[in-house]
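K.L.:
For reference, this is work_38.tsv, and it has TSV, C-alpha atoms.
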```tsv
chain	number	residue	atom	x	y	z
S	8	MET	CA	-115.33	80.21	108.59
S	9	ASP	CA	-119.09	80.07	109.20
S	10	LYS	CA	-119.39	83.83	108.82
S	11	PHE	CA	-117.42	83.78	105.59
S	12	LEU	CA	-119.63	81.04	104.12
S	13	THR	CA	-122.73	82.99	105.20
S	14	ALA	CA	-121.42	86.06	103.41
S	15	VAL	CA	-120.78	84.05	100.23
S	16	ALA	CA	-124.31	82.61	100.41
S	17	LEU	CA	-125.79	86.09	100.85
S	18	VAL	CA	-123.92	87.47	97.83
S	19	ILE	CA	-125.04	84.54	95.67
S	20	SER	CA	-128.66	84.97	96.84
S	21	LEU	CA	-128.51	88.64	95.88
S	22	ASN	CA	-127.29	87.58	92.43
S	23	ALA	CA	-130.21	85.17	92.13
S	24	VAL	CA	-132.68	87.95	92.93
S	25	LEU	CA	-131.08	90.10	90.22
S	26	CYS	CA	-131.38	87.20	87.74
S	27	LEU	CA	-135.11	87.03	88.44
S	28	TYR	CA	-135.37	90.32	86.50
S	29	ARG	CA	-134.46	88.46	83.30
S	30	ALA	CA	-136.95	85.71	84.12
S	31	ALA	CA	-139.71	88.27	84.66
S	32	VAL	CA	-139.29	90.69	81.74
S	33	GLY	CA	-137.30	88.64	79.23
S	34	PRO	CA	-138.47	89.53	75.72
S	35	THR	CA	-138.75	85.90	74.57
S	36	THR	CA	-139.81	82.73	76.34
S	37	GLN	CA	-136.34	81.23	75.93
S	38	ASP	CA	-134.95	84.17	77.91
S	39	ARG	CA	-137.27	83.29	80.76
S	40	VAL	CA	-136.21	79.64	80.67
S	41	LEU	CA	-132.56	80.72	80.76
S	42	GLY	CA	-133.20	83.02	83.72
S	43	VAL	CA	-134.99	80.27	85.65
S	44	ASN	CA	-132.09	77.89	84.92
S	45	ILE	CA	-129.55	80.37	86.31
S	46	VAL	CA	-131.65	81.07	89.41
S	47	GLY	CA	-131.90	77.31	89.98
S	48	THR	CA	-128.14	76.83	89.75
S	49	LYS	CA	-127.57	79.61	92.27
S	50	THR	CA	-130.13	78.11	94.62
S	51	LEU	CA	-128.28	74.79	94.33
S	52	VAL	CA	-125.02	76.42	95.40
S	53	VAL	CA	-126.77	78.17	98.31
S	54	VAL	CA	-128.19	74.83	99.47
S	55	ILE	CA	-124.69	73.32	99.40
S	56	LEU	CA	-123.34	76.28	101.39
S	57	VAL	CA	-126.13	75.87	103.97
S	58	THR	CA	-124.97	72.25	104.39
S	59	PHE	CA	-121.59	73.45	105.65
S	60	ILE	CA	-122.93	76.45	107.60
S	61	GLN	CA	-125.35	74.36	109.65
S	62	ALA	CA	-123.28	71.11	109.60
S	63	GLU	CA	-126.30	69.05	108.51
S	64	ASN	CA	-125.29	66.31	106.11
S	65	PHE	CA	-128.66	65.53	104.58
S	66	PHE	CA	-128.84	68.85	102.72
S	67	LEU	CA	-126.33	67.42	100.23
S	68	ASP	CA	-128.86	64.76	99.19
S	69	VAL	CA	-131.39	67.55	98.69
S	70	ALA	CA	-128.82	69.27	96.46
S	71	ILE	CA	-128.33	66.13	94.35
S	72	VAL	CA	-132.08	65.78	93.75
S	73	TYR	CA	-132.33	69.50	93.01
S	74	ALA	CA	-129.61	69.28	90.35
S	75	LEU	CA	-131.36	66.34	88.65
S	76	LEU	CA	-134.74	68.14	88.71
S	77	LEU	CA	-133.24	71.34	87.31
S	78	PHE	CA	-131.73	69.48	84.36
S	79	VAL	CA	-134.97	67.67	83.54
S	80	VAL	CA	-137.09	70.84	83.82
S	81	THR	CA	-134.85	72.91	81.53
S	82	VAL	CA	-134.45	70.27	78.82
S	83	ALA	CA	-138.16	69.38	78.83
S	84	THR	CA	-139.24	73.03	78.60
S	85	SER	CA	-136.82	73.71	75.74
S	86	ARG	CA	-138.00	70.68	73.79
S	87	TYR	CA	-141.60	71.74	74.38
S	88	LEU	CA	-140.94	75.26	73.08
S	89	GLU	CA	-139.14	73.80	70.08
S	90	ALA	CA	-142.16	71.76	68.93
S	91	GLU	CA	-143.95	72.62	65.74
S	92	GLY	CA	-147.17	74.61	65.80
S	93	TRP	CA	-146.48	76.44	69.03
S	94	LYS	CA	-147.13	80.19	68.92
S	95	GLU	CA	-145.75	82.68	71.38
S	96	ALA	CA	-148.47	84.24	73.54
S	97	GLY	CA	-149.21	87.91	72.91
A	26	MET	CA	-105.88	76.38	108.67
A	27	ALA	CA	-104.38	75.88	105.20
A	28	ARG	CA	-107.51	73.98	104.22
A	29	GLU	CA	-109.72	76.93	105.18
A	30	ILE	CA	-107.54	79.35	103.21
A	31	ILE	CA	-107.78	77.19	100.09
A	32	ALA	CA	-111.56	76.89	100.52
A	33	GLY	CA	-111.86	80.68	100.92
A	34	VAL	CA	-109.88	81.37	97.77
A	35	PHE	CA	-112.01	78.94	95.74
A	36	CYS	CA	-115.24	80.43	97.13
A	37	CYS	CA	-114.06	83.95	96.22
A	38	ILE	CA	-113.28	82.83	92.65
A	39	GLY	CA	-116.72	81.23	92.36
A	40	THR	CA	-118.51	84.31	93.69
A	41	PHE	CA	-116.62	86.50	91.24
A	42	PHE	CA	-117.75	84.35	88.32
A	43	PHE	CA	-121.33	84.37	89.62
A	44	ILE	CA	-121.32	88.18	89.68
A	45	LEU	CA	-119.85	88.15	86.16
A	46	GLY	CA	-122.58	85.80	84.93
A	47	THR	CA	-125.33	87.94	86.45
A	48	THR	CA	-123.91	91.05	84.79
A	49	GLY	CA	-123.79	89.29	81.44
A	50	LEU	CA	-127.32	87.97	81.80
A	51	LEU	CA	-128.69	91.43	82.57
A	52	ARG	CA	-126.62	93.52	80.14
A	53	MET	CA	-126.24	91.44	76.96
A	54	PRO	CA	-128.50	92.52	74.05
A	55	ASP	CA	-129.55	89.15	72.63
A	56	LEU	CA	-130.56	85.64	73.70
A	57	PHE	CA	-127.61	84.02	71.94
A	58	THR	CA	-125.13	86.36	73.61
A	59	ARG	CA	-126.85	85.90	76.97
A	60	LEU	CA	-126.35	82.15	76.73
A	61	HIS	CA	-122.58	82.59	76.73
A	62	PRO	CA	-121.97	84.28	80.14
A	63	SER	CA	-124.71	82.29	81.84
A	64	THR	CA	-123.24	78.89	81.00
A	65	LYS	CA	-119.82	80.13	82.09
A	66	CYS	CA	-121.37	81.20	85.39
A	67	ASP	CA	-122.83	77.70	85.83
A	68	THR	CA	-119.73	75.71	85.12
A	69	LEU	CA	-116.93	77.89	86.47
A	70	GLY	CA	-118.71	79.57	89.38
A	71	ALA	CA	-120.68	76.67	90.82
A	72	CYS	CA	-117.94	74.09	90.25
A	73	SER	CA	-115.22	76.20	91.86
A	74	VAL	CA	-117.40	76.85	94.93
A	75	MET	CA	-118.05	73.09	95.15
A	76	MET	CA	-114.35	72.27	94.79
A	77	GLY	CA	-113.53	74.73	97.57
A	78	LEU	CA	-116.13	73.15	99.86
A	79	ALA	CA	-114.82	69.68	98.95
A	80	VAL	CA	-111.35	70.74	100.10
A	81	TYR	CA	-112.90	72.19	103.27
A	82	SER	CA	-114.82	69.01	104.11
A	83	GLY	CA	-111.79	66.72	103.97
A	84	TRP	CA	-111.91	62.97	103.36
A	85	SER	CA	-115.56	62.04	103.91
A	86	TRP	CA	-118.75	61.12	102.11
A	87	GLU	CA	-119.46	64.80	101.55
A	88	LEU	CA	-116.47	65.00	99.24
A	89	LEU	CA	-117.81	62.17	97.08
A	90	LYS	CA	-121.25	63.76	96.85
A	91	LEU	CA	-119.80	67.18	96.03
A	92	VAL	CA	-117.61	65.76	93.25
A	93	PHE	CA	-120.64	63.91	91.88
A	94	ILE	CA	-122.76	67.09	91.85
A	95	ALA	CA	-119.92	69.03	90.19
A	96	CYS	CA	-119.44	66.41	87.44
A	97	PHE	CA	-123.18	66.27	86.81
A	98	LEU	CA	-123.40	70.06	86.67
A	99	LEU	CA	-120.54	70.17	84.12
A	100	LEU	CA	-122.57	67.89	81.85
A	101	SER	CA	-126.05	69.27	82.49
A	102	SER	CA	-125.18	72.96	82.18
A	103	ALA	CA	-123.74	72.50	78.70
A	104	THR	CA	-126.71	70.37	77.67
A	105	CYS	CA	-129.21	72.94	78.99
A	106	GLY	CA	-127.45	75.76	77.14
A	107	HIS	CA	-127.46	73.76	73.92
A	108	ALA	CA	-131.15	72.86	74.27
A	109	ILE	CA	-132.18	76.48	74.88
A	110	GLY	CA	-130.04	77.69	71.97
A	111	ARG	CA	-131.44	75.10	69.58
A	112	SER	CA	-134.99	75.96	70.66
A	113	ALA	CA	-134.33	79.63	69.96
A	114	LEU	CA	-132.76	78.82	66.59
A	115	ARG	CA	-135.70	76.68	65.46
A	116	ARG	CA	-138.17	79.36	66.65
A	117	GLU	CA	-136.23	81.86	64.49
A	118	ILE	CA	-135.61	84.45	67.16
A	119	PRO	CA	-133.84	87.37	65.44
A	120	TYR	CA	-130.15	88.09	66.03
A	121	TRP	CA	-128.82	91.30	67.45
A	122	ARG	CA	-127.01	93.51	64.94
A	123	LYS	CA	-124.82	96.50	65.56
A	124	LYS	CA	-126.56	99.72	64.53
A	125	GLY	CA	-125.14	101.24	61.37
A	126	GLY	CA	-123.05	98.21	60.53
A	127	GLU	CA	-123.35	95.89	57.57
A	128	VAL	CA	-126.79	94.30	57.83
A	129	GLU	CA	-126.99	90.84	56.32
A	130	ASP	CA	-129.62	88.14	56.31
A	131	GLY	CA	-130.71	87.64	59.91
A	132	HIS	CA	-131.50	83.96	59.61
A	133	GLY	CA	-128.54	82.79	57.56
A	134	ALA	CA	-126.27	80.79	59.86
```
Output the file's structure in the form of C-alpha coordinates.
P.N.:
Amino acid sequence: MDKFLTAVALVISLNAVLCLYRAAVGPTTQDRVLGVNIVGTKTLVVVILVTFIQAENFFLDVAIVYALLLFVVTVATSRYLEAEGWKEAG
Amino acid sequence: MAREIIAGVFCCIGTFFFILGTTGLLRMPDLFTRLHPSTKCDTLGACSVMMGLAVYSGWSWELLKLVFIACFLLLSSATCGHAIGRSALRREIPYWRKKGGEVEDGHGA
(Lines of atoms letter the chains of each structure in order from A and count residues from 1; the text may use other names and numbers.)
(Lines give C-alpha, C1' and ligand atoms only; values in the text may rest on other atoms or scores of the structure.)
Protein backbone atom coordinates (compact mmCIF):
# COMPACT_ATOMS: atom_id res chain seq x y z
CA MET A 1 0.00 0.00 0.00
CA ASP A 2 2.93 2.34 0.69
CA LYS A 3 4.22 1.95 -2.85
CA PHE A 4 0.79 2.65 -4.30
CA LEU A 5 0.42 5.84 -2.23
CA THR A 6 3.93 6.92 -3.29
CA ALA A 7 2.96 6.44 -6.93
CA VAL A 8 -0.19 8.52 -6.46
CA ALA A 9 1.84 11.28 -4.78
CA LEU A 10 4.36 11.26 -7.64
CA VAL A 11 1.64 11.57 -10.29
CA ILE A 12 0.02 14.46 -8.42
CA SER A 13 3.40 16.20 -8.02
CA LEU A 14 3.98 15.89 -11.77
CA ASN A 15 0.58 17.51 -12.32
CA ALA A 16 1.55 20.36 -10.01
CA VAL A 17 4.74 20.97 -12.00
CA LEU A 18 2.68 21.11 -15.20
CA CYS A 19 0.29 23.61 -13.56
CA LEU A 20 3.24 25.88 -12.80
CA TYR A 21 3.34 26.58 -16.56
CA ARG A 22 0.04 28.45 -16.27
CA ALA A 23 1.30 30.33 -13.22
CA ALA A 24 4.45 31.38 -15.09
CA VAL A 25 3.16 32.43 -18.52
CA GLY A 26 -0.53 33.12 -17.86
CA PRO A 27 -1.63 36.05 -20.01
CA THR A 28 -3.45 37.84 -17.17
CA THR A 29 -2.70 38.17 -13.48
CA GLN A 30 -5.89 36.29 -12.57
CA ASP A 31 -4.55 33.31 -14.55
CA ARG A 32 -1.46 33.32 -12.38
CA VAL A 33 -3.52 33.45 -9.19
CA LEU A 34 -5.60 30.52 -10.45
CA GLY A 35 -2.47 28.51 -11.26
CA VAL A 36 -0.98 29.16 -7.82
CA ASN A 37 -4.28 28.10 -6.21
CA ILE A 38 -4.28 24.80 -8.10
CA VAL A 39 -0.62 24.12 -7.28
CA GLY A 40 -1.41 24.79 -3.61
CA THR A 41 -4.31 22.34 -3.60
CA LYS A 42 -2.13 19.64 -5.13
CA THR A 43 0.59 20.29 -2.58
CA LEU A 44 -2.03 19.91 0.15
CA VAL A 45 -3.02 16.49 -1.17
CA VAL A 46 0.64 15.44 -1.41
CA VAL A 47 1.19 16.47 2.22
CA ILE A 48 -1.80 14.34 3.26
CA LEU A 49 -0.43 11.39 1.28
CA VAL A 50 2.98 11.80 2.96
CA THR A 51 1.18 11.52 6.31
CA PHE A 52 0.08 7.99 5.46
CA ILE A 53 3.28 6.99 3.65
CA GLN A 54 5.52 7.86 6.60
CA ALA A 55 2.92 7.15 9.35
CA GLU A 56 3.58 10.51 11.02
CA ASN A 57 0.40 11.99 12.43
CA PHE A 58 1.48 15.59 12.80
CA PHE A 59 1.59 16.18 9.04
CA LEU A 60 -2.22 16.33 9.10
CA ASP A 61 -2.07 19.44 11.30
CA VAL A 62 0.34 20.96 8.78
CA ALA A 63 -2.24 20.17 6.08
CA ILE A 64 -5.03 21.92 8.02
CA VAL A 65 -2.95 25.09 8.41
CA TYR A 66 -1.93 24.91 4.75
CA ALA A 67 -5.57 24.74 3.63
CA LEU A 68 -6.48 27.79 5.74
CA LEU A 69 -3.48 29.77 4.42
CA LEU A 70 -4.28 28.87 0.82
CA PHE A 71 -7.84 30.14 1.16
CA VAL A 72 -6.77 33.43 2.75
CA VAL A 73 -4.02 34.04 0.16
CA THR A 74 -6.28 33.46 -2.84
CA VAL A 75 -9.20 35.54 -1.60
CA ALA A 76 -6.95 38.41 -0.48
CA THR A 77 -5.07 38.50 -3.79
CA SER A 78 -8.32 38.48 -5.79
CA ARG A 79 -9.80 41.30 -3.74
CA TYR A 80 -6.58 43.27 -4.16
CA LEU A 81 -6.62 42.83 -7.94
CA GLU A 82 -10.27 43.84 -8.00
CA ALA A 83 -9.64 47.23 -6.37
CA GLU A 84 -10.13 50.41 -8.30
CA GLY A 85 -7.17 52.24 -9.81
CA TRP A 86 -4.96 49.20 -10.20
CA LYS A 87 -3.27 48.89 -13.60
CA GLU A 88 -1.77 45.70 -14.97
CA ALA A 89 2.02 45.90 -15.26
CA GLY A 90 3.41 46.00 -18.79
CA MET B 1 -7.80 -5.97 2.71
CA ALA B 2 -11.21 -4.67 1.61
CA ARG B 3 -10.35 -1.34 3.20
CA GLU B 4 -7.18 -1.05 1.10
CA ILE B 5 -9.07 -1.89 -2.10
CA ILE B 6 -11.66 0.83 -1.40
CA ALA B 7 -8.88 3.33 -0.63
CA GLY B 8 -7.08 2.42 -3.87
CA VAL B 9 -10.21 2.90 -5.97
CA PHE B 10 -10.88 6.32 -4.41
CA CYS B 11 -7.25 7.39 -4.92
CA CYS B 12 -7.41 6.33 -8.60
CA ILE B 13 -10.60 8.37 -9.10
CA GLY B 14 -8.98 11.39 -7.48
CA THR B 15 -5.81 11.11 -9.58
CA PHE B 16 -7.90 10.85 -12.74
CA PHE B 17 -9.73 14.07 -11.89
CA PHE B 18 -6.44 15.79 -11.07
CA ILE B 19 -5.07 14.87 -14.51
CA LEU B 20 -8.32 16.13 -16.05
CA GLY B 21 -8.05 19.44 -14.19
CA THR B 22 -4.44 19.93 -15.27
CA THR B 23 -5.37 19.28 -18.90
CA GLY B 24 -8.20 21.79 -18.69
CA LEU B 25 -6.01 24.40 -17.05
CA LEU B 26 -3.36 24.09 -19.75
CA ARG B 27 -5.58 23.71 -22.82
CA MET B 28 -8.59 26.00 -22.28
CA PRO B 29 -8.50 29.28 -24.26
CA ASP B 30 -9.87 31.74 -21.69
CA LEU B 31 -9.73 32.57 -17.99
CA PHE B 32 -13.44 31.97 -17.49
CA THR B 33 -13.27 28.56 -19.14
CA ARG B 34 -10.12 27.70 -17.19
CA LEU B 35 -11.93 28.36 -13.92
CA HIS B 36 -14.37 25.54 -14.65
CA PRO B 37 -12.04 22.49 -14.83
CA SER B 38 -9.77 23.80 -12.10
CA THR B 39 -12.51 24.07 -9.48
CA LYS B 40 -13.74 20.60 -10.45
CA CYS B 41 -10.20 19.32 -9.93
CA ASP B 42 -10.14 20.88 -6.45
CA THR B 43 -13.44 19.57 -5.19
CA LEU B 44 -13.74 16.18 -6.85
CA GLY B 45 -10.08 15.17 -7.03
CA ALA B 46 -8.83 16.31 -3.64
CA CYS B 47 -11.98 15.30 -1.76
CA SER B 48 -12.09 11.80 -3.25
CA VAL B 49 -8.41 11.21 -2.40
CA MET B 50 -9.15 12.40 1.16
CA MET B 51 -12.21 10.16 1.45
CA GLY B 52 -10.15 7.18 0.29
CA LEU B 53 -7.47 7.92 2.88
CA ALA B 54 -10.16 8.36 5.55
CA VAL B 55 -11.45 4.87 4.77
CA TYR B 56 -7.86 3.58 4.88
CA SER B 57 -7.13 5.14 8.28
CA GLY B 58 -10.11 3.57 10.04
CA TRP B 59 -11.73 4.92 13.21
CA SER B 60 -9.19 7.40 14.58
CA TRP B 61 -8.46 11.09 14.95
CA GLU B 62 -7.03 11.12 11.44
CA LEU B 63 -10.49 10.44 10.05
CA LEU B 64 -11.93 13.46 11.85
CA LYS B 65 -9.15 15.73 10.60
CA LEU B 66 -9.46 14.43 7.04
CA VAL B 67 -13.23 15.01 7.00
CA PHE B 68 -12.67 18.51 8.37
CA ILE B 69 -10.11 19.33 5.65
CA ALA B 70 -12.43 17.92 2.97
CA CYS B 71 -15.43 19.98 4.18
CA PHE B 72 -13.30 23.12 4.37
CA LEU B 73 -11.91 22.50 0.88
CA LEU B 74 -15.45 22.08 -0.51
CA LEU B 75 -16.30 25.56 0.80
CA SER B 76 -13.02 27.32 0.10
CA SER B 77 -12.51 26.05 -3.45
CA ALA B 78 -15.87 27.40 -4.58
CA THR B 79 -15.22 30.70 -2.82
CA CYS B 80 -11.77 31.05 -4.40
CA GLY B 81 -13.16 30.35 -7.87
CA HIS B 82 -15.89 32.92 -7.37
CA ALA B 83 -13.45 35.55 -6.10
CA ILE B 84 -11.09 35.07 -9.05
CA GLY B 85 -13.97 35.15 -11.52
CA ARG B 86 -15.43 38.32 -10.04
CA SER B 87 -12.01 39.97 -10.07
CA ALA B 88 -11.61 39.11 -13.75
CA LEU B 89 -15.12 40.38 -14.54
CA ARG B 90 -14.56 43.73 -12.81
CA ARG B 91 -11.16 44.11 -14.53
CA GLU B 92 -12.99 43.55 -17.86
CA ILE B 93 -10.81 40.76 -19.17
CA PRO B 94 -12.10 39.95 -22.67
CA TYR B 95 -14.01 36.74 -23.39
CA TRP B 96 -12.90 34.11 -25.84
CA ARG B 97 -14.96 33.95 -29.03
CA LYS B 98 -15.03 31.28 -31.68
CA LYS B 99 -13.35 32.47 -34.87
CA GLY B 100 -15.80 33.16 -37.67
CA GLY B 101 -18.83 32.91 -35.44
CA GLU B 102 -21.32 35.59 -34.53
CA VAL B 103 -19.34 38.26 -32.69
CA GLU B 104 -21.38 40.19 -30.15
CA ASP B 105 -20.53 42.71 -27.48
CA GLY B 106 -17.67 41.26 -25.45
CA HIS B 107 -18.61 42.86 -22.17
CA GLY B 108 -22.35 42.34 -22.20
CA ALA B 109 -23.16 39.66 -19.63
K.L.:
Skip S:Val54 itself and residues of its chain fewer than 2 positions away, then list as JSON, numbers by chain all residues within 12 Å of it, counting all atoms listed in the file.
P.N.:
{"S": [12, 13, 15, 16, 17, 19, 20, 47, 48, 49, 50, 51, 52, 56, 57, 58, 59, 60, 61, 62, 63, 64, 65, 66, 67, 68, 69, 70, 71, 72, 73, 74], "A": [71, 74, 75, 91]}
K.L.:
With a distance cut-off of 8 Å and only C-alpha atoms, select the neighbouring residues of stretch 21-38 of chain S, excluding the residue or stretch itself and same-chain residues fewer than 2 positions from it, and output the selection as a list in words.
P.N.:
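In the requested format, the answer is Leu17, Val18, Ile19, Val40, Leu41, Gly42, Val43, Ile45, Val46, Lys49, Thr50, Ser85 and Glu95 of chain S; Phe43, Ile44, Thr47, Leu50, Leu51, Leu56, Ile109, Ser112 and Ala113 of chain A.
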K.L.:
Taking into account only C-alpha atoms, which residue in the set A:Met76, A:Trp84, A:Cys96, A:Gly33 is nearest to chain S?
P.N.:
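Counting only C-alpha atoms, the residue closest to chain S is A:Gly33.
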K.L.:
Provide the atom CA of A:Arg111 to atom CA of S:Ala83 distance in Å, to one decimal place.
P.N.:
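Computing the Euclidean distance for atom CA of A:Arg111 and atom CA of S:Ala83 yields 12.8 Å.
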K.L.:
Could you jot down the atom CA of A:Ser85 to atom CA of A:Cys37 separation for me, Å, one decimal place?
P.N.:
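Between these atoms lies a distance of 23.3 Å.
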K.L.:
Between A:Met26, A:Ala103, A:Ile94, A:Leu88, which residue has the minimum interatomic distance to chain S, considering only C-alpha atoms?
P.N.:
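Looking only at the distances to chain S, the closest residue turns out to be A:Ile94.
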K.L.:
Expressed in Å to a single decimal, how great is the separation between atom CA of S:Phe78 and atom CA of A:Lys65?
P.N.:
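So the answer is 16.1 Å.
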K.L.:
Could you check the closest approach to A:Asp67 for each of S:Glu89, S:Thr84, S:Asn44, S:Met8 and tell me which residue wins, using only C-alpha atoms?
P.N.:
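Looking at the shortest contact to A:Asp67, the residue is S:Asn44.
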K.L.:
I'd like to know which of A:Met53, A:Ile31, A:Cys36, A:Ala108 is closest to A:Ser73, using only C-alpha atoms.
P.N.:
A:Cys36
